[in-house]
Each structure stands twice: as C-alpha cells, then as structure tokens.
$ cat query.txt   # compact mmCIF, C-alpha atoms and all ligand atoms
# COMPACT_ATOMS: atom_id res chain seq x y z
CA MET A 1486 0.00 0.00 0.00
CA LYS A 1487 2.75 2.40 0.90
CA LEU A 1488 4.40 1.78 -2.45
CA HIS A 1489 1.18 2.83 -4.10
CA ARG A 1490 1.30 6.11 -2.21
CA LEU A 1491 4.92 6.67 -3.18
CA ALA A 1492 3.98 6.15 -6.81
CA ALA A 1493 1.25 8.77 -6.45
CA ALA A 1494 3.78 11.15 -4.99
CA ALA A 1495 6.24 10.59 -7.80
CA ALA A 1496 3.62 11.34 -10.43
CA ALA A 1497 3.02 14.77 -8.97
CA ALA A 1498 6.69 15.65 -8.55
CA VAL A 1499 7.87 19.13 -9.49
CA MET A 1500 11.50 19.86 -10.11
CA LEU A 1501 13.67 22.65 -8.86
CA THR A 1502 16.91 23.06 -10.77
CA GLY A 1503 19.71 25.61 -10.62
CA CYS A 1504 19.02 28.40 -8.15
CA GLY A 1505 21.47 30.61 -10.03
CA GLY A 1506 24.54 32.61 -8.98
CA GLU A 1507 26.18 31.42 -5.79
CA GLN A 1508 22.96 29.94 -4.48
CA GLN A 1509 22.84 26.27 -3.67
CA THR A 1510 19.94 24.05 -4.80
CA SER A 1511 19.10 21.33 -2.29
CA GLN A 1512 16.66 18.51 -1.89
CA TYR A 1513 15.68 16.49 1.14
CA THR A 1514 13.43 13.41 1.19
CA MET A 1515 11.85 11.75 4.19
CA PHE A 1516 8.87 9.60 5.15
CA ALA A 1517 6.34 11.38 7.36
CA MET A 1518 2.59 11.70 7.74
CA ASP A 1519 2.30 8.31 6.08
CA THR A 1520 3.75 9.55 2.83
CA CYS A 1521 6.91 10.41 0.97
CA VAL A 1522 7.89 14.03 1.60
CA THR A 1523 10.27 15.93 -0.68
CA LEU A 1524 11.50 19.40 0.17
CA SER A 1525 13.48 21.40 -2.39
CA GLY A 1526 14.79 24.91 -2.06
CA CYS A 1527 17.38 27.54 -2.88
CA CYS A 1528 19.29 26.90 0.35
CA ASP A 1529 21.60 24.39 1.97
CA ARG A 1530 20.41 20.90 2.82
CA GLN A 1531 20.48 21.55 6.57
CA THR A 1532 17.76 24.20 6.23
CA LEU A 1533 15.52 21.62 4.56
CA GLU A 1534 16.39 19.00 7.14
CA ASN A 1535 15.32 21.42 9.88
CA ALA A 1536 12.03 21.94 8.07
CA GLY A 1537 11.69 18.15 7.92
CA LYS A 1538 12.06 18.02 11.71
CA GLU A 1539 9.18 20.45 11.94
CA ILE A 1540 6.99 18.10 9.87
CA THR A 1541 7.86 15.26 12.24
CA ARG A 1542 6.97 17.48 15.20
CA LEU A 1543 3.57 18.26 13.67
CA GLU A 1544 3.00 14.58 12.92
CA LYS A 1545 3.61 13.84 16.59
CA LEU A 1546 0.84 16.29 17.48
CA TRP A 1547 -1.69 15.20 14.87
CA SER A 1548 -1.26 11.47 14.32
CA VAL A 1549 -4.16 9.23 15.35
CA ASN A 1550 -1.67 6.42 15.98
CA ILE A 1551 1.12 8.04 17.99
CA LYS A 1552 0.35 7.57 21.67
CA GLY A 1553 0.26 10.90 23.47
CA SER A 1554 -0.35 13.00 20.34
CA ASP A 1555 -2.96 15.71 20.80
CA ILE A 1556 -5.42 13.85 18.55
CA TYR A 1557 -4.69 10.48 20.18
CA ARG A 1558 -5.44 11.94 23.63
CA LEU A 1559 -8.65 13.57 22.38
CA ASP A 1560 -9.79 10.34 20.72
CA HIS A 1561 -8.98 8.15 23.71
CA GLU A 1562 -9.91 10.43 26.59
CA GLY A 1563 -12.83 12.30 25.02
CA SER A 1564 -11.37 15.62 26.09
CA ALA A 1565 -7.92 17.12 25.79
CA LYS A 1566 -5.98 20.33 26.11
CA LEU A 1567 -4.37 20.90 22.72
CA SER A 1568 -1.33 22.74 21.48
CA ASP A 1569 -2.05 25.96 19.60
CA GLU A 1570 -1.32 24.33 16.24
CA THR A 1571 -3.73 21.44 16.83
CA ALA A 1572 -6.49 23.74 18.09
CA GLU A 1573 -6.04 25.89 14.98
CA LEU A 1574 -6.03 22.84 12.71
CA LEU A 1575 -9.29 21.58 14.23
CA ARG A 1576 -10.84 25.05 14.12
CA TYR A 1577 -9.90 25.33 10.46
CA SER A 1578 -11.30 21.85 9.68
CA LEU A 1579 -14.58 22.74 11.36
CA SER A 1580 -14.81 25.99 9.40
CA ILE A 1581 -14.54 23.98 6.16
CA SER A 1582 -17.04 21.40 7.47
CA GLU A 1583 -19.48 24.24 7.91
CA ARG A 1584 -18.64 25.80 4.54
CA THR A 1585 -19.08 22.46 2.71
CA ASP A 1586 -22.23 21.53 4.60
CA GLY A 1587 -20.50 18.60 6.27
CA ALA A 1588 -18.90 17.01 3.17
CA LEU A 1589 -15.65 17.41 5.09
CA ASP A 1590 -16.20 15.81 8.47
CA PRO A 1591 -13.21 14.94 10.67
CA THR A 1592 -15.46 12.76 12.84
CA VAL A 1593 -15.88 10.01 10.19
CA PHE A 1594 -12.92 8.29 11.82
CA PRO A 1595 -14.90 5.42 13.46
CA LEU A 1596 -16.10 4.48 9.97
CA LEU A 1597 -12.62 4.64 8.45
CA LYS A 1598 -11.47 2.26 11.15
CA GLU A 1599 -14.38 -0.11 10.55
CA TRP A 1600 -13.62 -0.25 6.81
CA GLY A 1601 -10.01 -1.03 7.76
CA PHE A 1602 -8.44 2.02 6.13
CA THR A 1603 -6.40 2.73 9.26
CA THR A 1604 -4.82 -0.73 9.45
CA ASP A 1605 -4.92 -1.94 5.83
CA GLU A 1606 -7.05 -4.87 7.13
CA HIS A 1607 -9.97 -4.02 4.91
CA HIS A 1608 -13.50 -5.37 5.00
CA VAL A 1609 -16.97 -4.25 3.91
CA PRO A 1610 -19.16 -3.64 6.97
CA ASP A 1611 -22.85 -4.56 6.84
CA SER A 1612 -25.51 -1.85 6.71
CA GLU A 1613 -26.49 -2.24 10.36
CA ARG A 1614 -22.94 -1.71 11.53
CA ILE A 1615 -22.62 1.38 9.33
CA SER A 1616 -25.87 2.85 10.70
CA GLU A 1617 -24.69 2.16 14.22
CA LEU A 1618 -21.34 3.89 13.64
CA LEU A 1619 -22.94 6.85 11.88
CA LYS A 1620 -24.56 7.66 15.23
CA ASN A 1621 -21.02 8.38 16.47
CA THR A 1622 -20.26 11.03 13.86
CA GLY A 1623 -21.13 14.68 13.27
CA TRP A 1624 -18.67 17.56 13.12
CA GLN A 1625 -21.02 19.84 15.10
CA ARG A 1626 -20.52 17.61 18.13
CA LEU A 1627 -16.78 18.24 18.27
CA LYS A 1628 -16.49 21.13 20.75
CA LEU A 1629 -13.56 23.51 20.86
CA ASP A 1630 -13.27 26.00 23.67
CA GLY A 1631 -9.95 27.82 23.30
CA ASN A 1632 -7.42 25.00 23.27
CA ARG A 1633 -9.72 22.50 25.01
CA ALA A 1634 -11.46 20.02 22.70
CA SER A 1635 -14.10 17.49 23.65
CA LEU A 1636 -16.11 14.75 22.00
CA PRO A 1637 -19.09 12.67 23.09
CA GLU A 1638 -18.34 9.06 24.07
CA GLY A 1639 -17.71 6.75 21.10
CA MET A 1640 -16.67 9.56 18.77
CA ALA A 1641 -13.17 10.17 17.40
CA VAL A 1642 -11.53 12.59 15.00
CA ASP A 1643 -8.89 12.26 12.34
CA THR A 1644 -7.33 15.24 10.58
CA GLY A 1645 -6.01 13.18 7.63
CA ALA A 1646 -7.95 15.21 5.07
CA VAL A 1647 -6.35 18.53 6.03
CA ALA A 1648 -3.16 17.87 8.00
CA LYS A 1649 -0.74 17.61 5.07
CA GLY A 1650 -1.98 20.84 3.54
CA TYR A 1651 -1.88 22.59 6.88
CA ALA A 1652 1.65 21.33 7.48
CA ALA A 1653 2.77 22.51 4.01
CA ASP A 1654 1.62 26.06 4.80
CA ILE A 1655 3.49 26.03 8.11
CA ILE A 1656 6.66 24.68 6.46
CA ALA A 1657 6.52 27.27 3.67
CA GLU A 1658 6.28 30.00 6.27
CA LYS A 1659 9.24 28.55 8.14
CA LEU A 1660 11.40 28.26 5.03
CA ARG A 1661 10.62 31.82 4.02
CA ALA A 1662 11.48 32.98 7.56
CA ASP A 1663 14.76 31.07 7.21
CA GLY A 1664 15.55 33.19 4.16
CA VAL A 1665 14.79 30.64 1.44
CA SER A 1666 13.76 32.60 -1.65
CA ALA A 1667 12.11 29.76 -3.58
CA GLY A 1668 11.20 26.15 -3.04
CA ILE A 1669 8.82 23.25 -3.38
CA ILE A 1670 7.10 21.38 -0.59
CA ASP A 1671 5.75 18.06 -1.78
CA LEU A 1672 3.93 15.92 0.77
CA GLY A 1673 2.97 12.84 -1.18
CA GLY A 1674 1.68 14.84 -4.11
CA ASN A 1675 0.28 17.72 -2.05
CA VAL A 1676 2.42 20.37 -3.72
CA LEU A 1677 3.15 23.92 -2.60
CA THR A 1678 5.55 26.17 -4.50
CA PHE A 1679 6.81 29.46 -3.15
CA GLY A 1680 8.92 32.27 -4.49
CA GLU A 1681 9.89 32.72 -8.09
CA LYS A 1682 11.43 29.87 -9.98
CA PRO A 1683 15.09 30.86 -10.36
CA ASP A 1684 15.05 30.74 -14.19
CA GLY A 1685 11.95 32.96 -14.25
CA SER A 1686 9.72 30.28 -15.79
CA SER A 1687 6.47 28.97 -14.27
CA TRP A 1688 6.33 26.12 -11.80
CA LYS A 1689 5.17 23.00 -13.62
CA ILE A 1690 2.96 20.70 -11.58
CA SER A 1691 1.62 17.52 -13.07
CA VAL A 1692 -1.78 16.06 -12.32
CA ARG A 1693 -1.78 12.31 -12.02
CA ASP A 1694 -3.72 10.15 -14.45
CA PRO A 1695 -6.00 8.06 -12.21
CA PHE A 1696 -6.48 5.45 -14.95
CA GLY A 1697 -2.80 5.06 -15.79
CA LYS A 1698 0.70 5.45 -14.47
CA GLY A 1699 1.52 8.81 -16.01
CA THR A 1700 0.02 12.25 -15.83
CA ALA A 1701 -3.29 13.57 -17.12
CA GLY A 1702 -1.76 16.98 -17.73
CA THR A 1703 0.46 19.72 -16.42
CA LEU A 1704 -0.29 23.02 -14.71
CA SER A 1705 2.01 26.00 -15.26
CA LEU A 1706 1.64 28.38 -12.37
CA GLY A 1707 3.24 31.04 -10.22
CA GLU A 1708 3.43 30.60 -6.44
CA CYS A 1709 0.58 28.24 -5.57
CA SER A 1710 -0.70 25.11 -3.91
CA VAL A 1711 -2.06 22.10 -5.77
CA VAL A 1712 -3.63 19.17 -3.95
CA THR A 1713 -5.35 16.10 -5.36
CA SER A 1714 -7.71 13.67 -3.66
CA GLY A 1715 -8.00 10.43 -5.58
CA SER A 1716 -9.95 7.20 -5.28
CA TYR A 1717 -6.73 5.34 -6.21
CA GLU A 1718 -4.75 6.47 -3.15
CA ARG A 1719 -5.95 3.99 -0.55
CA CYS A 1720 -8.32 1.38 -1.80
CA PHE A 1721 -9.15 -2.29 -1.86
CA GLU A 1722 -11.25 -4.58 -3.99
CA GLN A 1723 -13.84 -7.07 -2.85
CA ASP A 1724 -16.12 -9.10 -5.14
CA GLY A 1725 -15.06 -6.97 -8.09
CA ILE A 1726 -15.96 -3.68 -6.39
CA ARG A 1727 -13.30 -1.13 -5.53
CA TYR A 1728 -13.65 0.70 -2.20
CA HIS A 1729 -11.61 3.82 -1.44
CA HIS A 1730 -10.75 5.92 1.59
CA ILE A 1731 -12.85 9.05 1.08
CA ILE A 1732 -15.96 8.51 3.15
CA ASP A 1733 -19.27 10.19 2.42
CA PRO A 1734 -20.33 11.36 5.91
CA ALA A 1735 -23.99 11.04 4.84
CA THR A 1736 -23.79 7.31 4.03
CA GLY A 1737 -20.76 6.07 5.97
CA ARG A 1738 -19.49 4.45 2.75
CA PRO A 1739 -16.75 5.42 0.27
CA ALA A 1740 -18.10 8.40 -1.67
CA ASP A 1741 -19.82 7.10 -4.77
CA SER A 1742 -19.75 10.41 -6.61
CA GLY A 1743 -18.69 9.33 -10.08
CA LEU A 1744 -15.24 10.84 -9.62
CA GLU A 1745 -11.74 9.42 -9.71
CA SER A 1746 -9.86 12.53 -8.66
CA VAL A 1747 -10.30 16.15 -7.66
CA THR A 1748 -7.40 18.60 -7.87
CA VAL A 1749 -7.75 21.95 -6.15
CA ILE A 1750 -5.55 24.95 -6.92
CA ALA A 1751 -5.41 27.86 -4.48
CA ASP A 1752 -3.05 30.12 -2.55
CA GLU A 1753 -3.14 28.08 0.63
CA SER A 1754 -2.40 24.38 0.79
CA ARG A 1755 -4.77 23.89 3.73
CA LEU A 1756 -7.69 25.09 1.62
CA CYS A 1757 -6.67 22.86 -1.30
CA ASP A 1758 -6.39 19.82 0.93
CA ALA A 1759 -9.66 20.36 2.78
CA LEU A 1760 -11.62 21.16 -0.38
CA SER A 1761 -10.20 18.37 -2.55
CA THR A 1762 -11.59 15.86 -0.07
CA ALA A 1763 -14.91 17.67 0.38
CA LEU A 1764 -15.48 18.25 -3.34
CA PHE A 1765 -14.75 14.59 -4.02
CA VAL A 1766 -17.60 13.73 -1.65
CA MET A 1767 -19.94 16.29 -3.25
CA GLY A 1768 -19.53 15.03 -6.83
CA GLU A 1769 -19.43 16.99 -10.05
CA ASP A 1770 -22.65 19.03 -9.97
CA LYS A 1771 -22.58 20.11 -6.34
CA ALA A 1772 -18.85 20.77 -6.48
CA PHE A 1773 -19.12 23.08 -9.51
CA ASP A 1774 -22.06 24.90 -7.90
CA PHE A 1775 -19.87 25.35 -4.84
CA TRP A 1776 -17.02 26.64 -7.02
CA ARG A 1777 -19.38 29.13 -8.70
CA GLU A 1778 -20.29 30.52 -5.27
CA SER A 1779 -16.62 30.74 -4.25
CA ARG A 1780 -13.77 32.95 -5.40
CA ASP A 1781 -10.79 31.41 -3.67
CA PHE A 1782 -9.94 28.29 -5.67
CA GLU A 1783 -9.95 26.57 -9.07
CA MET A 1784 -10.24 22.88 -9.79
CA ILE A 1785 -9.78 19.96 -12.15
CA MET A 1786 -11.97 16.88 -11.87
CA ILE A 1787 -11.51 13.51 -13.52
CA THR A 1788 -14.70 11.50 -13.69
CA SER A 1789 -15.18 7.74 -13.73
CA ASP A 1790 -16.44 8.01 -17.33
CA LYS A 1791 -13.15 9.65 -18.39
CA ARG A 1792 -14.12 13.28 -18.61
CA LEU A 1793 -11.69 15.94 -17.50
CA LEU A 1794 -13.49 19.02 -16.16
CA ILE A 1795 -11.51 22.23 -15.71
CA SER A 1796 -12.81 25.37 -14.01
CA GLU A 1797 -12.40 28.29 -16.39
CA GLY A 1798 -10.05 30.28 -14.15
CA ILE A 1799 -7.30 27.70 -14.59
CA ALA A 1800 -8.02 26.39 -18.09
CA ASP A 1801 -5.31 28.39 -19.86
CA LYS A 1802 -2.71 27.17 -17.33
CA PHE A 1803 -3.41 23.50 -17.92
CA GLU A 1804 -2.01 21.43 -20.75
CA GLN A 1805 -3.51 18.02 -21.26
CA SER A 1806 -1.13 15.13 -21.67
CA ARG A 1807 -0.93 13.68 -25.19
CA LYS A 1808 0.09 10.26 -23.95
CA GLY A 1809 -1.87 7.87 -21.75
CA THR A 1810 -5.60 7.89 -21.10
CA SER A 1811 -7.67 9.83 -23.56
CA TYR A 1812 -10.03 12.18 -21.70
CA THR A 1813 -12.79 14.35 -23.06
CA ALA A 1814 -11.86 17.75 -21.70
CA GLU A 1815 -14.47 20.35 -20.87
CA VAL A 1816 -13.96 23.85 -19.50
CA ILE A 1817 -16.64 24.72 -16.93
CA SER A 1818 -17.68 28.36 -16.81
CA ARG A 1819 -19.11 30.42 -13.98
P1 LIG B 1 -7.36 13.29 1.26
O1 LIG B 1 -6.41 12.29 0.77
O2 LIG B 1 -6.80 14.61 1.61
O3 LIG B 1 -8.57 13.41 0.40
O4 LIG B 1 -7.90 12.79 2.67
C1 LIG B 1 -8.41 11.52 2.85
C2 LIG B 1 -8.25 11.17 4.31
O5 LIG B 1 -9.13 12.00 5.08
C3 LIG B 1 -8.68 9.75 4.60
O6 LIG B 1 -7.59 8.88 4.55
C4 LIG B 1 -9.25 9.89 6.00
O7 LIG B 1 -8.21 9.92 6.94
C5 LIG B 1 -9.91 11.24 5.98
N1 LIG B 1 -11.30 11.30 5.46
C6 LIG B 1 -11.96 10.45 4.63
N2 LIG B 1 -13.17 10.92 4.32
C7 LIG B 1 -13.29 12.12 4.96
C8 LIG B 1 -14.32 13.11 5.04
N3 LIG B 1 -15.46 13.00 4.36
N4 LIG B 1 -14.07 14.19 5.80
C9 LIG B 1 -12.91 14.35 6.47
N5 LIG B 1 -11.93 13.45 6.44
C10 LIG B 1 -12.10 12.36 5.69
MG MG B 2 -7.59 16.48 1.62
$ encode --input "query.txt" --output "structure tokens" --more "lines below"
Ligand code: AMP
Ligand code: MG
Amino acid sequence: MKLHRLAAAAAAAVMLTGCGGEQQTSQYTMFAMDTCVTLSGCCDRQTLENAGKEITRLEKLWSVNIKGSDIYRLDHEGSAKLSDETAELLRYSLSISERTDGALDPTVFPLLKEWGFTTDEHHVPDSERISELLKNTGWQRLKLDGNRASLPEGMAVDTGAVAKGYAADIIAEKLRADGVSAGIIDLGGNVLTFGEKPDGSSWKISVRDPFGKGTAGTLSLGECSVVTSGSYERCFEQDGIRYHHIIDPATGRPADSGLESVTVIADESRLCDALSTALFVMGEDKAFDFWRESRDFEMIMITSDKRLLISEGIADKFEQSRKGTSYTAEVISR
C-alpha cells in the first residue's frame, strides 16, 4: 500500500533546478505523515532538514496512531488540552465542514477504522454496523473551547484530510522565515511552491492520471498550492468492487460520486487539501455549484467516465497530456 502512495507522490513531482549565482539548490526526502515528503529549495540541505524536523513534530501532534499525540489523547480520553497548532487545525477543519455543509467531516474516523483504512485490514461492513457507527459522527458535536477540545463518548476525529496541507503552509512560512527565496514542498503529491522559480519560468505541476501510471496533464503556475484527492490512493477490492478511503459522511461508505480525482488549486495548501476531499464527496454538480459561489480556488476533476473538467479560471494554465488515457476535456464556466 505504501508503495502505491509513493507512486502517487512521484507522479506529482515538481523539479527545482539551478538556483542561479552562488545559491545552492538542495533537496531532502523523508517519510512522514504516512507519505513520501520531498523538500526542495534555494538553500543548503540543513535548512531543509530542519524543516523536515518540523513536519515530524507536527505529525507527533496530529497522528491518530502516535500515543500521546494531541489527537490520540482527544480520541482516547474524550477531552484534551491541545497545542495551539492542533487547536487551529481543528478550528480550520470545522470551518470547512461548515462551509461544505459537512462534506468534510473529521469525525468520520470510526467508519474509516471499521472499513479497515487505518490498518490496511480491509472489509466491507454490513448496513447495520454502518448505521450504528454513523450515530457516532457529526462535526457539530466536536467542541472547541480555546485550546480545550471534547467529543461525546464513542466519537473520534482524524485530521487526515487537512493535516498535510496545513503542514505545508506552516513549512513554507518557516522556510521563508529562514531566508529561502524559492522552493517546493511536496507531501505525497500535495504540492506547494513558493517564491519565483530561479530561471523565471512557471512552476510545472503535473496532475496524475487516475487510470494510468503517467500524468493527465500539467499546470504552469506562479506561487501556488495544488492538492489532489483520488480514489486510487488507498483502496481495496472485494467481489469486483473497488472501495476507497474518502468517506461520504452522509452514508458512511466510500463516496460514490462518479469521480476518480479532484485537484484543487489555491493560494493556501490547507484550503486545497480540505476542499479536494470535500469536493470529491460532493460530486461533479454540487462541487461546480460550490465553485461558482466561491472565489478562492480553481479545480480539475476527472470523472469515472473519463471526462476531465476544468474550471475556467485555470483552463489556460493546464495542458492536457498527449500520452496515456484519452479524456474528453471540458472547461466549466461560472
Ligand atoms: P485526502 O487524501 O486529503 O482526500 O484525505 C483523505 C483522508 O481523510 C482519509 O484517509 C481519512 O483519513 C480522511 N477522510 C476520509 N473521508 C473524509 C471526510 N469526508 N471528511 C474528512 N476526512 C475524511
Ligand atoms: Mg484532503
């Protein structure tokens, strides 16, 4: 399974070459937050390694599996005093839950566990079990009072849909504060670029082809964040049906929205990460209605029937791949 995730990361990789003049170009790779992380920047390697330590520190606060993490304590004790970063992460998640009418819901965790997505010991629960577990969900029931969070008995949260994006924003801020003029933060395909590319050209970020091994196309952008949620990332097959890790909070089952992937492009990685998951749950029609009402992101959707839908604000920055799966591309207007 992990290999699968590494492959996904590789497909989204962006390159940073030659920072120019006396400036060093460095790259640092590590495994954190359950994915392959690559940091690149116009700086020495030590600066990137320090940023990597920061990612590990955040993982130790937010992991559902690391004993003593803020989220672990909240999930196991029902109430916990959180660090500032965790309280802010949860507050941000809840703001997007509200904005997306609950399509993003960090309290679907008991269902994720039941489906086996947390252990890779997958199984399809029966309807009764799903109904029972759905009683233990609902983002409105997660209470945050300052840094104190609490949950009713039987409930648990998981910040997996937002944490990588949130971490990328924090790391970008740190690298800038450390004097790094340009760089790329790639957390398993969650990509954030900052600064100007040293040769003056655009950052090129590829969008993975969910039906093949290559890319569906490439975005050429200035400073930005690009995050994809895909049905191929964590999935299993049973009796010829594929089940994936993005849960529809309304049904307790993998979102059956006719989509294979949703890529969100915005200034902040946290917004991209939260929305890519939520828009995947919503499906094509609701998601584009949501986009029409919003002004802070653009998106690319790949549907199960091989259509590639591009919001008009990003259409001229996207070049479809000539190789691989043949998609029918459509620009969606406001
Ligand atoms: P992403 O890859 O960013 O789309 O996030 C998927 C991860 O978020 C899953 O592995 C779960 O940990 C969690 N998750 C799944 N469905 C939801 C949902 N509807 N709302 C919030 N988190 C979710
Ligand atoms: Mg996400």
$ closest_residue --input "query.txt" --among "A:Cys1720, A:Ile1669, A:Met1515, A:Ala1759" --to "ligand MG 2 (chain B)" --atoms "all atoms listed in the file"
A:Ala1759
$ atom_distance --input "query.txt" --atom1 "atom CA of A:Arg1819" --atom2 "atom CA of A:Thr1748"
17.7 Å
$ residues_near_ligand --input "query.txt" --ligand "ligand MG 2 (chain B)" --cutoff "7 Å" --atoms "all atoms listed in the file" --output "PyMOL selection string"
chain A and resi 1646-1647+1714+1758-1762
$ residues_near_ligand --input "query.txt" --ligand "ligand LIG 1 (chain B)" --cutoff "7 Å" --atoms "all atoms listed in the file" --output "list of chain:residue names"
A:Ala1588, A:Leu1589, A:Asp1590, A:Pro1591, A:Val1593, A:Phe1594, A:Leu1597, A:Asp1643, A:Thr1644, A:Gly1645, A:Ala1646, A:Val1647, A:Ser1714, A:Gly1715, A:His1730, A:Ile1731, A:Ile1732, A:Asp1733, A:Pro1734, A:Asp1758, A:Ala1759, A:Ser1761, A:Thr1762, A:Ala1763, A:Val1766
$ closest_residue --input "query.txt" --among "A:Leu1567, A:Thr1592, A:Asp1694, A:Ser1548" --to "A:Gly1623" --atoms "all atoms listed in the file"
A:Thr1592
$ closest_residue --input "query.txt" --among "A:Ala1648, A:Leu1677, A:Ala1735, A:Ala1572" --to "A:Leu1627" --atoms "all atoms listed in the file"
A:Ala1572
$ closest_residue --input "query.txt" --among "A:Glu1769, A:Asp1801, A:Glu1718, A:Asp1790" --to "A:Gly1674" --atoms "all atoms listed in the file"
A:Glu1718
$ atom_distance --input "query.txt" --atom1 "atom CA of A:Ala1641" --atom2 "atom CA of A:Ser1578"
14.1 Å
$ atom_distance --input "query.txt" --atom1 "atom CA of A:Arg1755" --atom2 "atom CA of A:Tyr1651"
4.5 Å
$ residues_around --input "query.txt" --residues "stretch 1653-1664 of chain A" --least-positions-apart "5" --cutoff "8 Å" --atoms "all atoms listed in the file" --output "list in words"
Thr1532, Leu1533, Ala1536, Glu1539, Ile1540, Ile1670, Asp1671, Leu1672, Leu1677, Phe1679, Glu1753, Ser1754 and Arg1755 of chain A
$ closest_residue --input "query.txt" --among "A:Val1642, A:Leu1706, A:Val1749, A:Leu1559" --to "A:Ile1690" --atoms "only C-alpha atoms"
A:Leu1706
$ closest_residue --input "query.txt" --among "A:Ser1710, A:Thr1520, A:Ser1612, A:Ser1635" --to "A:Asp1555" --atoms "only C-alpha atoms"
A:Ser1635
$ residues_around --input "query.txt" --residues "A:Pro1637" --least-positions-apart "4" --cutoff "10 Å" --atoms "all atoms listed in the file" --output "PyMOL selection string"
chain A and resi 1560+1563-1564+1621-1622+1626-1628+1641
$ residues_near_point --input "query.txt" --point "(-15.6, 26.3, -16.6)" --cutoff "10 Å" --atoms "only C-alpha atoms" --output "PyMOL selection string"
chain A and resi 1773+1776-1777+1783-1785+1794-1800+1815-1819
$ axis_aligned_box --input "query.txt" --around "stretch 1540-1557 of chain A" --padding-each-side "6 Å" --output "JSON"
{"center_x": 1.2, "center_y": 12.3, "center_z": 16.7, "size_x": 25.3, "size_y": 23.8, "size_z": 25.6}
